[in-house]
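A.B. asks: Below you'll find the structure I mean.
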Amino acid sequence: THKSHTAKTVSRKSLCILNNQGVSAAENMKIIVVFLFTAPFALSTTVEKDYAFDSAASPETKSRFAMLDDVRILANGLLQLGHGLKDFVHKTKGQMNDIFQKLYIFDRSFYELSQQTSEIKEEEEQLRQTTARLQINNEEIKNLSQEMNSKIEDLIQNKIQLQEKVWGLEDKVTKLAIIQPSMQETKEISSLKAFVEQQDNHIKQLLRIVEDQHVQLDRQHNQIMELEDKLNHMELQELTENSFTGEQTEPEAVPFPVHNATAGTHKSDGATPDCTALYHSGIQASGVYTIKPKGSEAFDVYCEMKFGSSWTVIQNRVDGSLDFNQTWDAYTNGFGDLNEEFWLGLNKTYSITKQGDYILRIELQDWKDNKRHIQYAFSLGGPETDYTLQLSRISGSIPNALPEQTELRFSTADHDMDIINDFNCPENYLGGWWHSECEETNLNGKYVTPRSRGRPERRGLYWKPKKGRYYLLKSTKIMIHPTDLKSFD
């Protein structure tokens with residue numbers, strides 16, 4: 001009974017000590033569990049010690065001191081254990097608070113990023129809608145400008161007719177200067193002059209309106225270009241938008257009668273310098289003929305009879321059956337079949353054009369079989385200049401896409417003298433051409449068929465004016481003719 005009472009007293013004192021140290025309820029529970037687990041062993045040890053000393057000494061004295069020492073040792077151990085657990089709990093709480101703080105910062109950042117993403121999407125959609133509206137306004141302005149131009153042309157014709165009448169009346173007045181004109185004739189002349197002046201004023205006003213419309217149209221074009229740049233060059237229009245639809249189609253060439261000529265290669269009599277000379281000699285059927293320019297050896301060319309004469313064809317592409325990604329030597333000497341797809345050769349073309357002044361004609365056909373053309377006055381340099389080309393537009397039914405009054409050097413992937421910003425044009429756009437800052441237009445590029453949706457092939461066959469849309473091409477033809485042609489398109 002005494003031992004049990006002592007153990008209970010020690011337990012109460014240990015609990016009071018732990019409570020005085022400010023330990024939390026959860027920590028006290030852990031310490032009590034440890035104490036209850038170790039207390040029986042301590043008490044059993046004390047009992048054995050007491051029992052051993054009962055025979056030799058006074059039971060009350062020795063038993064009491066031995067039990068107090070054991071209890072102190074046990075209490076100190078429990079106290080140290082409680083402090084260690086308390087420190088561990090504080091550290092754990094601090095780490096958990098740091099983790100919660102970081103999670104809060106992460107959630108806040110993710111929420112702000114989501115808001116910014118939503119704002120960017122809304123701005124992009126607004127930008128697309130603005131671009132669509134500007135394109136619609138641009139088309140309306142174009143239509144209005146065309147109508148006004150038509151009205152101005154009619155007014156100009158009326159003005160010319162009225163001026164002719166006035167000039168006729170003035171001649172009559174001059175002849176009758178000696179005779180005093182009647183009052184009626186004077187009034188008629190005055191009224192006609194007033195009418196002409198009124199028409200002149202109307203024409204001037206319309207011209208000012210047209211100029212304003214052109215200025216507005218240019219602004220619309222600039223805005224559209226800026227918006228397209230911001231949208232990272234939005235998808236190109238589909239094939240129906242890339243055709244020549246809406247423009248006046250080019251009239252088909254009238255076939256010429258055949259004069260004892262058949263398909264294939266024809267040997268001409270004498271040294272004819274080009275296809276035009278063959279035509280004037282009596283040969284008026286398109287086909288392959290042999291010519292011999294001045295200072296050059298004879299070679300075969302394809303002559304196309306049209307517009308009352310014959311043109312020497314230097315390039316022809318119809319179906320993509322021939323790969324135009326060729327070397328410098330191939331482009332210099334020529335390649336392909338003259339009755340199908342071919343490139344005549346820079347050296348042969350130069351031997352023809354150095355005989356005099358020539359016209360360069362480019363004929364284009366889109367995938368809706370609409371045809372366009374453009375003609376240039378041009379000069380072609382020799383091999384020492386890398387066959388430098390200079391152009392000056394004469395006429396045509398499509399906007400110009402090649403720089404004028406500029407020396408353009410011919411280059412291929414294995415012979416590129418002018419690499420701009422470490423960007424090899426022939427290597428990246430395929431095929432030899434007179435490149436200018438790696439523009440999109442390259443009639444010797446890769447032949448591709450249009451896709452039903454999405455972006456067209458970047459390295460395809462295009463005609464791309466500087467401020468116009470892409471024209472995806474199905475066939476191309478380049479021809480030359482002397483400038484002394486009296487009657488042609």
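Chain identifiers are assigned as A, B, and so on, following the order in which chains appear in the structure tokens; residues are numbered from 1 within each chain, and ligands are numbered from 1 in order of appearance.
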Which neighbours of A:Tyr447 fall inside 6 Å, counting only C-alpha atoms, when residues of the same chain fewer than 3 positions from it are skipped, and could you give them as a PyMOL selection string?
C.D. replies: chain A and resi 320+460-461
A.B. asks: Go through stretch 187-208 of chain A residue by residue and, counting only C-alpha atoms, keep those with an atom at most 10 Å from stretch 152-164 of chain A; for each kept residue give the shortest atom pair and its distance in Å to one decimal, ordered by chain and increasing number, as a tab-separated table.
C.D. replies:
```
residue	atom	partner	partner_atom	distance
A:Leu192	CA	A:Leu162	CA	8.1
A:Lys193	CA	A:Gln163	CA	9.0
A:Phe195	CA	A:Leu162	CA	8.7
A:Val196	CA	A:Leu162	CA	6.7
A:Glu197	CA	A:Lys159	CA	9.5
A:Gln199	CA	A:Lys159	CA	6.9
A:Asp200	CA	A:Lys159	CA	7.4
A:His202	CA	A:Leu155	CA	8.6
A:Ile203	CA	A:Ile152	CA	6.7
A:Lys204	CA	A:Ile152	CA	9.5
A:Leu206	CA	A:Ile152	CA	7.0
A:Leu207	CA	A:Ile152	CA	7.7
```
A.B. asks: Can I get the selected residues back with N, CA, C and O atoms, as a JSON list (two decimals), in the first residue's frame?
C.D. replies:
```json
[["chain", "number", "residue", "atom", "x", "y", "z"],
["A", 192, "LEU", "N", -22.23, 78.04, -123.99],
["A", 192, "LEU", "CA", -21.40, 76.85, -124.14],
["A", 192, "LEU", "C", -20.14, 76.94, -123.29],
["A", 192, "LEU", "O", -19.71, 75.97, -122.65],
["A", 193, "LYS", "N", -19.53, 78.13, -123.27],
["A", 193, "LYS", "CA", -18.33, 78.30, -122.45],
["A", 193, "LYS", "C", -18.65, 78.13, -120.97],
["A", 193, "LYS", "O", -17.90, 77.50, -120.22],
["A", 195, "PHE", "N", -21.06, 76.34, -119.77],
["A", 195, "PHE", "CA", -21.32, 74.91, -119.53],
["A", 195, "PHE", "C", -20.02, 74.13, -119.42],
["A", 195, "PHE", "O", -19.87, 73.24, -118.56],
["A", 196, "VAL", "N", -19.07, 74.46, -120.32],
["A", 196, "VAL", "CA", -17.78, 73.77, -120.27],
["A", 196, "VAL", "C", -17.06, 74.05, -118.95],
["A", 196, "VAL", "O", -16.47, 73.17, -118.32],
["A", 197, "GLU", "N", -17.10, 75.32, -118.52],
["A", 197, "GLU", "CA", -16.46, 75.65, -117.24],
["A", 197, "GLU", "C", -17.12, 74.92, -116.08],
["A", 197, "GLU", "O", -16.44, 74.44, -115.16],
["A", 199, "GLN", "N", -18.63, 72.03, -116.27],
["A", 199, "GLN", "CA", -18.20, 70.63, -116.36],
["A", 199, "GLN", "C", -16.77, 70.47, -115.83],
["A", 199, "GLN", "O", -16.45, 69.49, -115.15],
["A", 200, "ASP", "N", -15.91, 71.44, -116.14],
["A", 200, "ASP", "CA", -14.53, 71.39, -115.63],
["A", 200, "ASP", "C", -14.52, 71.41, -114.10],
["A", 200, "ASP", "O", -13.76, 70.67, -113.45],
["A", 202, "HIS", "N", -16.92, 70.39, -112.12],
["A", 202, "HIS", "CA", -17.40, 69.09, -111.63],
["A", 202, "HIS", "C", -16.30, 68.04, -111.71],
["A", 202, "HIS", "O", -16.13, 67.22, -110.80],
["A", 203, "ILE", "N", -15.57, 68.05, -112.80],
["A", 203, "ILE", "CA", -14.49, 67.07, -112.95],
["A", 203, "ILE", "C", -13.41, 67.28, -111.90],
["A", 203, "ILE", "O", -12.89, 66.32, -111.32],
["A", 204, "LYS", "N", -13.07, 68.54, -111.64],
["A", 204, "LYS", "CA", -12.06, 68.80, -110.61],
["A", 204, "LYS", "C", -12.52, 68.33, -109.23],
["A", 204, "LYS", "O", -11.75, 67.76, -108.46],
["A", 206, "LEU", "N", -14.65, 65.92, -108.63],
["A", 206, "LEU", "CA", -14.59, 64.44, -108.61],
["A", 206, "LEU", "C", -13.17, 63.94, -108.47],
["A", 206, "LEU", "O", -12.91, 62.95, -107.78],
["A", 207, "LEU", "N", -12.24, 64.64, -109.13],
["A", 207, "LEU", "CA", -10.84, 64.23, -109.00],
["A", 207, "LEU", "C", -10.36, 64.37, -107.56],
["A", 207, "LEU", "O", -9.62, 63.52, -107.04]]
```
A.B. asks: Which value, in Å to one decimal, gives the distance between atom CA of A:Ile478 and atom CA of A:Thr312?
C.D. replies: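 According to the coordinates, atom CA of A:Ile478 and atom CA of A:Thr312 are separated by 8.7 Å.
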A.B. asks: Taking into account only C-alpha atoms, which residue in the set A:Asn137, A:Gln115, A:Thr186, A:Ser191 is nearest to A:Leu217?
C.D. replies: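 For A:Leu217, the nearest of the candidates is A:Asn137.
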A.B. asks: I need the residue nearest A:Trp343 from this list: A:Ser114, A:Ser379, A:Asn444, A:Gln390. Use only C-alpha atoms for the distance.
C.D. replies: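 Under the stated criterion, the closest residue is A:Asn444.
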